[in-house]
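Student: This is the content of model-v2.cif (mmCIF, C-alpha atoms):
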```cif
data_start
#
loop_
_atom_site.label_atom_id
_atom_site.label_comp_id
_atom_site.auth_asym_id
_atom_site.auth_seq_id
_atom_site.Cartn_x
_atom_site.Cartn_y
_atom_site.Cartn_z
CA MET A 1 0.00 0.00 0.00
CA GLY A 2 1.38 3.40 -1.03
CA ILE A 3 1.66 6.49 1.12
CA VAL A 4 -1.32 8.21 -0.52
CA GLU A 5 -3.55 5.18 0.08
CA ARG A 6 -2.47 4.98 3.73
CA ILE A 7 -3.26 8.67 4.20
CA LYS A 8 -6.74 8.20 2.70
CA GLU A 9 -7.34 5.14 4.89
CA ILE A 10 -6.42 7.08 8.07
CA GLU A 11 -8.58 10.05 6.98
CA ALA A 12 -11.53 7.69 6.45
CA GLU A 13 -10.98 6.22 9.93
CA MET A 14 -10.93 9.73 11.43
CA ALA A 15 -14.15 10.61 9.58
CA ARG A 16 -16.07 7.67 11.04
CA THR A 17 -14.69 8.10 14.57
CA GLN A 18 -16.89 10.07 16.95
CA LYS A 19 -15.28 13.03 18.69
CA ASN A 20 -15.57 12.83 22.47
CA LYS A 21 -13.41 12.51 25.57
CA ALA A 22 -12.91 8.78 25.10
CA THR A 23 -11.64 9.04 21.50
CA GLU A 24 -9.50 12.21 21.66
CA TYR A 25 -6.31 10.22 22.37
CA HIS A 26 -6.97 7.91 19.41
CA LEU A 27 -7.67 10.90 17.10
CA GLY A 28 -4.48 12.59 18.28
CA GLN A 29 -2.43 9.53 17.33
CA LEU A 30 -4.11 9.38 13.90
CA LYS A 31 -3.29 13.05 13.28
CA ALA A 32 0.36 12.39 14.14
CA LYS A 33 0.45 9.44 11.72
CA ILE A 34 -1.00 11.55 8.90
CA ALA A 35 1.58 14.31 9.54
CA LYS A 36 4.42 11.77 9.38
CA LEU A 37 3.12 10.26 6.13
CA ARG A 38 2.69 13.69 4.49
CA THR A 39 6.27 14.58 5.43
CA GLN A 40 7.42 11.34 3.75
CA LEU A 41 5.33 12.24 0.70
CA LEU A 42 7.23 15.52 0.26
CA GLU A 43 10.65 13.87 0.50
CA PRO A 44 12.34 12.88 -2.80
CA PRO A 45 12.17 9.16 -3.58
CA LYS A 46 15.14 7.05 -2.53
CA GLY A 47 17.66 6.38 -5.28
CA SER A 48 16.72 9.49 -7.25
CA SER A 49 19.67 11.20 -8.92
CA GLY A 50 19.77 14.91 -8.14
CA ALA A 51 16.95 17.39 -8.13
CA GLY A 52 14.13 17.13 -10.60
CA GLU A 53 12.80 19.80 -12.90
CA GLY A 54 11.13 22.62 -10.96
CA PHE A 55 9.80 26.14 -11.35
CA GLU A 56 12.31 27.88 -9.11
CA VAL A 57 13.66 31.21 -10.37
CA THR A 58 16.40 33.42 -8.95
CA LYS A 59 15.34 35.77 -6.16
CA TYR A 60 15.38 39.41 -7.21
CA GLY A 61 14.33 42.64 -5.57
CA HIS A 62 13.32 43.41 -2.01
CA GLY A 63 10.42 40.93 -1.73
CA ARG A 64 8.75 38.02 -3.47
CA VAL A 65 5.03 37.45 -4.03
CA ALA A 66 3.52 34.25 -5.47
CA LEU A 67 0.21 34.02 -7.36
CA ILE A 68 -1.67 30.82 -6.53
CA GLY A 69 -5.09 29.76 -7.75
CA PHE A 70 -7.15 27.43 -9.88
CA PRO A 71 -6.72 27.53 -13.68
CA SER A 72 -8.37 30.40 -15.60
CA VAL A 73 -8.96 32.79 -12.69
CA GLY A 74 -6.87 35.66 -14.12
CA LYS A 75 -3.37 35.15 -12.66
CA SER A 76 -1.53 35.80 -15.94
CA THR A 77 -3.66 38.86 -16.73
CA LEU A 78 -2.97 40.25 -13.25
CA LEU A 79 0.81 39.72 -13.70
CA THR A 80 0.73 41.52 -17.08
CA MET A 81 -1.19 44.50 -15.69
CA LEU A 82 0.95 44.94 -12.56
CA THR A 83 4.43 44.34 -14.01
CA GLY A 84 4.17 44.81 -17.78
CA THR A 85 5.68 41.35 -18.31
CA HIS A 86 3.80 39.44 -20.99
CA SER A 87 2.26 36.21 -19.76
CA GLU A 88 0.11 34.33 -22.24
CA ALA A 89 -3.60 34.35 -21.38
CA ALA A 90 -6.26 32.40 -23.26
CA SER A 91 -9.79 31.07 -22.79
CA TYR A 92 -8.63 27.51 -22.04
CA GLU A 93 -7.22 26.11 -18.79
CA PHE A 94 -3.52 25.53 -18.04
CA THR A 95 -2.32 28.24 -20.42
CA THR A 96 0.65 28.90 -18.13
CA LEU A 97 2.84 25.79 -17.84
CA THR A 98 5.90 27.22 -16.06
CA CYS A 99 6.82 29.97 -13.62
CA ILE A 100 6.88 33.46 -15.17
CA PRO A 101 8.50 36.23 -13.06
CA GLY A 102 7.79 39.95 -13.22
CA ILE A 103 8.94 43.04 -11.29
CA ILE A 104 6.62 45.56 -9.59
CA HIS A 105 8.17 49.02 -9.03
CA TYR A 106 6.28 50.42 -6.04
CA ASN A 107 7.35 53.01 -3.42
CA ASP A 108 10.99 53.03 -4.57
CA THR A 109 11.22 49.26 -4.12
CA LYS A 110 11.32 46.27 -6.45
CA ILE A 111 8.93 43.40 -5.69
CA GLN A 112 9.18 40.14 -7.62
CA LEU A 113 5.81 38.71 -8.69
CA LEU A 114 5.63 35.05 -9.76
CA ASP A 115 2.88 33.72 -12.02
CA LEU A 116 2.59 30.00 -11.23
CA PRO A 117 0.60 27.35 -13.12
CA GLY A 118 -2.90 26.65 -11.84
CA ILE A 119 -3.20 23.97 -9.18
CA ILE A 120 -6.06 21.51 -8.82
CA GLU A 121 -7.49 19.41 -6.01
CA GLY A 122 -4.95 16.78 -5.00
CA ALA A 123 -1.95 19.04 -5.76
CA SER A 124 -0.35 18.14 -2.41
CA GLU A 125 -0.21 14.51 -3.61
CA GLY A 126 1.56 15.52 -6.84
CA LYS A 127 -1.37 15.93 -9.25
CA GLY A 128 -0.81 18.47 -12.01
CA ARG A 129 2.78 19.15 -10.86
CA GLY A 130 1.23 20.64 -7.75
CA ARG A 131 4.21 19.88 -5.53
CA GLN A 132 6.58 22.01 -7.62
CA VAL A 133 4.11 24.90 -7.65
CA ILE A 134 3.65 24.80 -3.88
CA ALA A 135 7.43 24.49 -3.32
CA VAL A 136 7.98 27.80 -5.15
CA SER A 137 5.28 29.48 -3.06
CA LYS A 138 7.13 28.36 0.10
CA SER A 139 10.10 30.52 -0.90
CA SER A 140 7.99 33.68 -1.27
CA ASP A 141 7.28 36.32 1.37
CA ILE A 142 3.49 36.43 0.92
CA VAL A 143 0.93 34.57 -1.17
CA LEU A 144 -1.80 36.12 -3.33
CA MET A 145 -4.56 33.53 -3.63
CA VAL A 146 -6.44 34.53 -6.80
CA LEU A 147 -10.08 33.36 -6.77
CA ASP A 148 -12.99 33.69 -9.19
CA ALA A 149 -15.73 35.80 -7.61
CA SER A 150 -18.36 34.08 -9.74
CA LYS A 151 -17.45 30.58 -8.51
CA SER A 152 -18.42 28.94 -5.23
CA GLU A 153 -16.72 29.68 -1.92
CA GLY A 154 -15.48 26.09 -1.76
CA HIS A 155 -12.47 26.89 -3.96
CA ARG A 156 -10.90 28.89 -1.14
CA GLN A 157 -11.24 25.99 1.31
CA ILE A 158 -9.81 23.52 -1.22
CA LEU A 159 -6.72 25.65 -1.89
CA THR A 160 -6.18 26.32 1.82
CA ARG A 161 -6.43 22.59 2.56
CA GLU A 162 -3.92 21.73 -0.19
CA LEU A 163 -1.42 24.31 1.08
CA GLU A 164 -1.79 23.20 4.70
CA ALA A 165 -1.21 19.58 3.65
CA VAL A 166 2.35 20.47 2.58
CA GLY A 167 3.20 22.55 5.65
CA LEU A 168 2.04 26.08 4.71
CA ARG A 169 0.10 27.88 7.44
CA LEU A 170 -1.75 30.91 6.06
CA ASN A 171 -2.33 34.00 8.23
CA LYS A 172 -1.28 32.18 11.40
CA ARG A 173 1.53 32.81 13.83
CA PRO A 174 3.85 30.09 15.19
CA PRO A 175 2.40 28.45 18.34
CA GLN A 176 3.96 29.44 21.66
CA ILE A 177 5.26 25.96 22.45
CA TYR A 178 8.85 25.29 23.56
CA PHE A 179 10.08 21.85 22.41
CA LYS A 180 13.59 20.45 22.76
CA LYS A 181 14.85 16.89 22.37
CA LYS A 182 17.14 15.49 25.07
CA LYS A 183 19.38 12.46 25.33
CA THR A 184 18.17 11.32 28.75
CA GLY A 185 15.72 12.29 31.47
CA GLY A 186 12.39 11.23 29.98
CA ILE A 187 9.64 13.63 28.93
CA SER A 188 9.18 16.85 30.91
CA PHE A 189 5.68 18.34 30.41
CA ASN A 190 4.88 21.84 31.72
CA SER A 191 2.45 24.67 30.95
CA THR A 192 2.06 28.26 32.11
CA LEU A 193 -1.75 28.18 31.90
CA HIS A 194 -4.70 25.80 31.98
CA LEU A 195 -4.88 23.63 28.83
CA THR A 196 -8.29 22.72 27.39
CA HIS A 197 -7.36 20.96 24.13
CA ILE A 198 -4.48 18.71 25.20
CA ASP A 199 -3.21 17.03 28.35
CA GLU A 200 -0.05 15.24 29.47
CA LYS A 201 -1.20 11.76 28.42
CA LEU A 202 -2.09 12.87 24.88
CA CYS A 203 1.24 14.69 24.57
CA TYR A 204 3.09 11.51 25.61
CA GLN A 205 1.21 9.42 23.03
CA ILE A 206 2.01 11.86 20.19
CA LEU A 207 5.70 11.97 21.15
CA HIS A 208 5.86 8.16 21.31
CA GLU A 209 4.32 8.03 17.83
CA TYR A 210 7.40 10.00 16.67
CA LYS A 211 9.66 7.65 18.73
CA ILE A 212 10.64 10.54 21.02
CA HIS A 213 11.11 9.37 24.61
CA ASN A 214 13.32 12.16 26.03
CA ALA A 215 12.19 15.73 25.48
CA GLU A 216 11.18 18.96 27.18
CA VAL A 217 7.77 20.48 26.31
CA LEU A 218 6.47 23.81 27.62
CA PHE A 219 3.09 25.29 26.60
CA ARG A 220 2.84 29.08 26.78
CA GLU A 221 -0.65 29.19 25.24
CA ASP A 222 -3.77 27.03 25.02
CA ALA A 223 -2.61 25.16 21.90
CA THR A 224 -4.26 22.29 20.05
CA VAL A 225 -2.99 18.86 18.98
CA ASP A 226 -2.28 20.19 15.46
CA ASP A 227 -0.10 22.97 16.91
CA LEU A 228 1.97 20.45 18.88
CA ILE A 229 2.43 18.28 15.78
CA ASP A 230 3.57 21.33 13.78
CA VAL A 231 6.19 22.16 16.41
CA ILE A 232 7.46 18.55 16.50
CA GLU A 233 7.70 18.38 12.70
CA GLY A 234 9.58 21.68 12.59
CA ASN A 235 9.17 22.20 8.82
CA ARG A 236 6.09 24.43 8.82
CA LYS A 237 6.14 27.83 7.10
CA TYR A 238 3.90 30.57 8.47
CA MET A 239 2.99 33.05 5.74
CA LYS A 240 0.65 35.94 5.15
CA CYS A 241 -1.98 35.41 2.47
CA ILE A 242 -4.25 37.90 0.67
CA TYR A 243 -7.39 36.49 -0.96
CA VAL A 244 -7.86 38.32 -4.28
CA TYR A 245 -11.35 37.93 -5.79
CA ASN A 246 -11.14 38.64 -9.52
CA LYS A 247 -13.97 39.10 -12.07
CA ILE A 248 -16.20 41.21 -9.82
CA ASP A 249 -17.69 42.77 -12.97
CA VAL A 250 -19.78 39.62 -13.56
CA VAL A 251 -21.41 39.41 -10.11
CA GLY A 252 -23.88 41.59 -8.25
CA ILE A 253 -23.03 44.45 -5.90
CA ASP A 254 -24.27 42.46 -2.88
CA ASP A 255 -21.76 39.68 -3.55
CA VAL A 256 -18.96 42.21 -4.06
CA ASP A 257 -19.81 43.87 -0.73
CA ARG A 258 -19.89 40.50 1.07
CA LEU A 259 -16.53 39.37 -0.38
CA SER A 260 -14.79 42.68 0.32
CA ARG A 261 -15.76 42.55 4.03
CA GLN A 262 -14.07 39.19 4.62
CA PRO A 263 -10.74 39.33 6.52
CA ASN A 264 -7.54 39.51 4.40
CA SER A 265 -9.62 39.82 1.23
CA ILE A 266 -9.80 42.33 -1.62
CA VAL A 267 -11.94 42.46 -4.77
CA ILE A 268 -10.56 43.47 -8.20
CA SER A 269 -11.41 43.30 -11.88
CA CYS A 270 -8.56 42.84 -14.35
CA ASN A 271 -10.95 43.30 -17.26
CA LEU A 272 -12.08 46.78 -16.15
CA LYS A 273 -8.86 47.61 -14.20
CA LEU A 274 -10.76 48.11 -10.95
CA ASN A 275 -9.16 48.39 -7.49
CA LEU A 276 -5.61 47.45 -8.58
CA ASP A 277 -4.12 50.37 -6.62
CA ARG A 278 -5.80 49.13 -3.42
CA LEU A 279 -4.36 45.68 -4.10
CA LEU A 280 -0.82 47.08 -4.30
CA ALA A 281 -1.35 49.08 -1.08
CA LYS A 282 -2.67 46.01 0.76
CA MET A 283 0.22 43.92 -0.52
CA TRP A 284 2.70 46.59 0.67
CA ASP A 285 1.16 46.62 4.16
CA ALA A 286 1.24 42.81 4.38
CA MET A 287 4.93 42.60 3.40
CA GLY A 288 5.96 45.12 6.06
CA LEU A 289 8.87 46.59 4.11
CA VAL A 290 10.76 49.44 5.83
CA ARG A 291 12.57 52.05 3.69
CA VAL A 292 15.55 53.72 5.40
CA TYR A 293 17.38 56.65 3.79
CA THR A 294 21.04 57.42 4.46
CA LYS A 295 22.47 60.83 5.36
CA PRO A 296 26.23 61.52 5.06
CA GLN A 297 27.72 63.87 7.66
CA GLY A 298 27.28 67.54 6.72
CA GLN A 299 25.19 66.71 3.61
CA GLN A 300 21.57 66.38 2.62
CA PRO A 301 19.87 62.94 2.88
CA ASP A 302 19.95 60.69 -0.16
CA PHE A 303 16.32 60.04 -1.09
CA SER A 304 17.10 58.45 -4.46
CA GLU A 305 17.72 54.84 -3.38
CA PRO A 306 16.60 53.63 0.09
CA VAL A 307 17.90 50.68 2.06
CA VAL A 308 14.92 48.28 2.29
CA LEU A 309 14.56 46.15 5.44
CA SER A 310 11.87 43.73 6.56
CA ALA A 311 11.14 41.67 9.66
CA ASP A 312 11.11 38.44 7.61
CA ARG A 313 14.49 39.14 6.00
CA GLY A 314 16.86 39.88 8.85
CA GLY A 315 15.02 42.48 10.93
CA CYS A 316 14.46 46.25 11.12
CA THR A 317 16.88 47.47 13.82
CA VAL A 318 19.86 49.79 13.43
CA GLU A 319 22.19 46.79 13.67
CA ASP A 320 20.37 45.10 10.76
CA PHE A 321 20.66 48.35 8.79
CA CYS A 322 24.44 48.45 9.38
CA ASN A 323 24.83 44.78 8.40
CA HIS A 324 22.87 45.49 5.22
CA ILE A 325 25.43 48.14 4.23
CA HIS A 326 28.56 46.23 5.33
CA ARG A 327 29.06 43.37 7.75
CA ASN A 328 32.06 45.03 9.47
CA LEU A 329 30.35 48.41 9.94
CA VAL A 330 28.82 47.46 13.31
CA LYS A 331 32.25 47.34 14.98
CA ASP A 332 33.03 50.96 14.03
CA VAL A 333 29.68 52.52 15.00
CA LYS A 334 29.89 55.04 17.84
CA TYR A 335 26.25 56.16 17.74
CA VAL A 336 23.51 56.78 15.20
CA LEU A 337 21.39 59.87 14.53
CA VAL A 338 17.80 59.09 13.48
CA TRP A 339 15.13 61.35 12.00
CA GLY A 340 11.61 60.01 11.39
CA THR A 341 8.60 58.44 13.08
CA SER A 342 10.72 56.09 15.22
CA ALA A 343 12.57 59.03 16.86
CA ARG A 344 11.21 60.91 19.88
CA HIS A 345 12.98 64.12 18.86
CA TYR A 346 15.01 65.22 15.84
CA PRO A 347 17.68 63.99 15.71
CA GLN A 348 17.75 61.23 18.31
CA HIS A 349 20.99 59.55 19.42
CA CYS A 350 20.33 55.81 19.14
CA GLY A 351 22.12 52.55 19.71
CA LEU A 352 22.23 49.38 17.66
CA SER A 353 19.01 47.94 19.15
CA HIS A 354 16.80 50.89 18.10
CA PRO A 355 13.90 49.69 15.86
CA LEU A 356 13.54 51.64 12.61
CA GLN A 357 10.27 52.53 10.87
CA ASP A 358 9.33 53.30 7.30
CA GLU A 359 10.99 56.37 5.71
CA ASP A 360 13.43 57.02 8.57
CA VAL A 361 16.65 58.94 7.87
CA VAL A 362 19.82 57.55 9.48
CA GLN A 363 23.27 59.07 9.91
CA ILE A 364 26.01 56.79 11.22
CA VAL A 365 28.79 58.35 13.33
CA LYS A 366 31.89 56.14 13.40
CA LYS A 367 34.54 55.90 16.07
CA LYS A 368 37.63 58.03 15.47
CA GLU A 369 40.97 56.27 15.26
CA ARG A 370 43.38 57.44 17.98
CA GLU A 371 46.83 58.49 16.95
CA ASP A 372 49.75 56.73 18.68
CA GLY A 373 47.30 54.81 20.85
CA GLY A 374 46.98 57.62 23.43
CA GLY A 375 44.21 59.83 24.70
CA ARG A 376 43.10 63.15 23.33
CA GLY A 377 42.67 66.71 24.58
CA ARG A 378 44.68 68.35 27.36
CA PHE A 379 45.36 65.17 29.35
CA LYS A 380 47.22 63.01 26.88
CA SER A 381 48.34 59.72 28.38
CA HIS A 382 51.18 59.31 25.88
CA SER A 383 53.91 61.78 24.98
CA ASN A 384 56.82 61.74 22.56
CA ALA A 385 59.19 63.25 25.19
CA PRO A 386 61.95 61.08 26.76
CA VAL A 387 61.00 59.16 29.87
CA ARG A 388 64.03 60.27 31.99
CA ILE A 389 64.32 63.93 32.99
CA SER A 390 68.08 63.97 32.37
CA ASP A 391 67.51 63.02 28.71
CA ARG A 392 65.10 65.84 28.04
CA GLU A 393 66.18 68.84 26.05
CA LYS A 394 66.76 71.87 28.30
CA LYS A 395 64.94 75.03 27.37
CA ALA A 396 66.84 78.26 26.82
CA PRO A 397 66.73 80.66 29.81
CA LEU A 398 64.23 83.50 29.58
CA LYS A 399 65.57 86.91 28.60
CA THR A 400 65.24 89.55 31.33
#
```
What would you get if you wrote out this structure as structure tokens?
Tutor:
Amino acid sequence: MGIVERIKEIEAEMARTQKNKATEYHLGQLKAKIAKLRTQLLEPPKGSSGAGEGFEVTKYGHGRVALIGFPSVGKSTLLTMLTGTHSEAASYEFTTLTCIPGIIHYNDTKIQLLDLPGIIEGASEGKGRGRQVIAVSKSSDIVLMVLDASKSEGHRQILTRELEAVGLRLNKRPPQIYFKKKKTGGISFNSTLHLTHIDEKLCYQILHEYKIHNAEVLFREDATVDDLIDVIEGNRKYMKCIYVYNKIDVVGIDDVDRLSRQPNSIVISCNLKLNLDRLLAKMWDAMGLVRVYTKPQGQQPDFSEPVVLSADRGGCTVEDFCNHIHRNLVKDVKYVLVWGTSARHYPQHCGLSHPLQDEDVVQIVKKKEREDGGGRGRFKSHSNAPVRISDREKKAPLKT
């Protein structure tokens, strides 16, 4: 029996098992088995020579956005309108067969937009080259899930389920669970609050399913069984996702109003070029890019080309800004002057841990190199004069 058949058999057993106090331990073990099998499904087959053909393209710009959706929902048209890159669009499905990149120039930054082939139900199991498509989306910063406003709402659930099956968690934050394997000492189970979804016995059973008999587990929130499994697996990717409903020109105003009020959703029309500016603004807010401008000493700030930081790519502190310019610059920094919304007054003397915000201006003041290794000012600790008094040059007597 293959891995896919075993997964379907366990899912069928979970479907016919009643959910109550007596069966929660059994369901927890079944969930752990499914997670292990899906991890094996993503691994390359044994004996395979090298990597197979994929859609991966070179990273470019300050951020990466992936377009995911069913065939013929308007992904290629959206890429052409936002970037100017030509992507073939036709009235039949699967027009796009490979990954087509484009560049969005927005707010002095460059954002890479990837048009991926349409995925279908069962993509997590490899149908329609779905695994390669989802692998590319894992390397992006955010995901734009393009949906057809005229189709049923079930498409959104199907795509979310396929992405979660391969380890993508959309619009979720990592669970506050501390987990560390140990060599000896057994399993240490602790929590900082009352747990309602999981207890010590269920945690032991899930860890034994993974053949883990020595570990330390600490719950800092009321997490579920799925959260614990995600932490044990350790290969989950937590990403932001924007649900883009295209073709709003073919549905009624009531449906448009209902779709636009859903969380993390926006409605557009590529045919009539409606609401594309709001889409770019929402995408910018979701990526959380921070533009920082440099100011040389005694000169005006350079607003032509900012240094772009983000929390997902290194961080947004002054130290991250210095490392972005040069990795050895941090050693020579004496202090930093900051103008902008992150400063309490203009300018503010800041250290390396100061968090920067969008459109801040930064001036770096470096340490001065001391000559001859001595001090400076009136009280120099080092002098070029001879050490012994007898060796010093005598001054000429004053004229009277």
Student: Could you please determine the separation between CA of Ala343 (chain A) and CA of Arg327 (chain A) in Å, to one decimal place?
Tutor: 24.5 Å
Student: Enter the distance from CA of Tyr346 (chain A) to CA of Asp285 (chain A), in Å, rounded to one decimal.
Tutor: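 Here the two named atoms are 26.0 Å from each other.
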Student: Fewer than 4 positions away in the same chain doesn't count, so skip those; otherwise give me all residues within 10 Å of region 256-269 of chain A, counting all atoms listed in the file, as an mmCIF file with C-alpha atoms, in the frame of the given file.
Tutor:
```cif
data_model
loop_
_atom_site.group_PDB
_atom_site.id
_atom_site.type_symbol
_atom_site.label_atom_id
_atom_site.label_comp_id
_atom_site.auth_asym_id
_atom_site.auth_seq_id
_atom_site.Cartn_x
_atom_site.Cartn_y
_atom_site.Cartn_z
ATOM 1 C CA GLY A 74 -6.870 35.660 -14.120
ATOM 2 C CA LEU A 78 -2.970 40.250 -13.250
ATOM 3 C CA LEU A 144 -1.800 36.120 -3.330
ATOM 4 C CA MET A 145 -4.560 33.530 -3.630
ATOM 5 C CA VAL A 146 -6.440 34.530 -6.800
ATOM 6 C CA LEU A 147 -10.080 33.360 -6.770
ATOM 7 C CA ASP A 148 -12.990 33.690 -9.190
ATOM 8 C CA ALA A 149 -15.730 35.800 -7.610
ATOM 9 C CA SER A 150 -18.360 34.080 -9.740
ATOM 10 C CA GLU A 153 -16.720 29.680 -1.920
ATOM 11 C CA ASN A 171 -2.330 34.000 8.230
ATOM 12 C CA LYS A 240 0.650 35.940 5.150
ATOM 13 C CA CYS A 241 -1.980 35.410 2.470
ATOM 14 C CA ILE A 242 -4.250 37.900 0.670
ATOM 15 C CA TYR A 243 -7.390 36.490 -0.960
ATOM 16 C CA VAL A 244 -7.860 38.320 -4.280
ATOM 17 C CA TYR A 245 -11.350 37.930 -5.790
ATOM 18 C CA ASN A 246 -11.140 38.640 -9.520
ATOM 19 C CA LYS A 247 -13.970 39.100 -12.070
ATOM 20 C CA ILE A 248 -16.200 41.210 -9.820
ATOM 21 C CA ASP A 249 -17.690 42.770 -12.970
ATOM 22 C CA VAL A 250 -19.780 39.620 -13.560
ATOM 23 C CA VAL A 251 -21.410 39.410 -10.110
ATOM 24 C CA GLY A 252 -23.880 41.590 -8.250
ATOM 25 C CA LYS A 273 -8.860 47.610 -14.200
ATOM 26 C CA LEU A 274 -10.760 48.110 -10.950
ATOM 27 C CA ASN A 275 -9.160 48.390 -7.490
ATOM 28 C CA LEU A 276 -5.610 47.450 -8.580
ATOM 29 C CA ASP A 277 -4.120 50.370 -6.620
ATOM 30 C CA ARG A 278 -5.800 49.130 -3.420
ATOM 31 C CA LEU A 279 -4.360 45.680 -4.100
ATOM 32 C CA LYS A 282 -2.670 46.010 0.760
ATOM 33 C CA ALA A 286 1.240 42.810 4.380
#
```
Student: Which neighbours of Leu202 (chain A) fall inside 9 Å, counting all atoms listed in the file, when residues of the same chain fewer than 5 positions from it are skipped, and could you give them as a list of chain:residue names?
Tutor: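 In the requested form, the answer reads A:Glu24, A:Tyr25, A:His26, A:Gly28, A:Gln29, A:Leu207, A:Val225.
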Student: For Asp227 (chain A), which residue among A:Asn190, A:Ser137, A:Thr85, A:Gln176 is the nearest when counting only C-alpha atoms?
Tutor: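 Counting only C-alpha atoms, the residue closest to Asp227 (chain A) is A:Gln176.
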Student: Hey, which of A:Ser310, A:Lys180, A:Val362, A:Val166 ends up closest to Ala135 (chain A)? Count all atoms listed in the file.
Tutor: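 Going through A:Ser310, A:Lys180, A:Val362, A:Val166 one by one, the smallest distance to Ala135 (chain A) is for A:Val166.
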Student: Between A:Lys237, A:Ala311, A:Glu11, A:His105, single out the one closest to Ile34 (chain A), counting all atoms listed in the file.
Tutor: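 Ranking A:Lys237, A:Ala311, A:Glu11, A:His105 by distance to Ile34 (chain A), first place goes to A:Glu11.
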Student: Check what the PyMOL selection byres ((chain A and resi 61) around 12) selects in the file above and give those residues as a PyMOL selection string.
Tutor: chain A and resi 58-60+62-65+101-106+108-113+140-141+289+307-309
Student: One number please: CA of Cys99 (chain A) to CA of Thr160 (chain A), in Å, one decimal.
Tutor: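 These two atoms are separated by 20.5 Å.
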Student: Looking at A:Tyr204, A:Trp339, A:Phe219, A:Phe70, which one is nearest to Ser191 (chain A), with distances taken over only C-alpha atoms?
Tutor: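 The shortest atom-to-atom distance to Ser191 (chain A) comes from A:Phe219.
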Student: Env of Asp115 (chain A): 8 Å cut, atoms = only C-alpha atoms, seq-sep filter 4 positions within chain, self excluded. Answer as a PyMOL selection string.
Tutor: chain A and resi 66-68+75-76+79+99-101
Student: Could you check the closest approach to Ala35 (chain A) for each of A:Leu272, A:Cys316, A:Leu329, A:Ala165 and tell me which residue wins, using only C-alpha atoms?
Tutor: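 So, comparing all the options, the nearest one is A:Ala165.
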Student: Give me the result of the PyMOL selection byres ((chain A and resi 195-198) around 8) on this file, residue by residue, as a PyMOL selection string.
Tutor: chain A and resi 191+193-194+199-200+202-203+221-225
Student: Determine the axis-aligned bounding box of all atoms of region 36-40 of chain A present in the file, pad each side by 4 Å, and express its centre and edge lengths in Å to one decimal place as AutoDock Vina command-line options.
Tutor:
```
--center_x 5.1 --center_y 12.4 --center_z 6.6 --size_x 12.7 --size_y 12.3 --size_z 13.6
```
Student: Rank A:Asn271, A:Ser72, A:Thr317, A:Asn214 by their smallest atom-to-atom distance to Ser188 (chain A), using only C-alpha atoms, and report the top residue only.
Tutor: A:Asn214
Student: Counting only C-alpha atoms, which residues have an atom no more than 12 Å from (17.8, 60.0, -0.9) in the file's coordinates? Please list them as a ChimeraX atom specification.
Tutor: /A:108,291-296,299-307,359-362
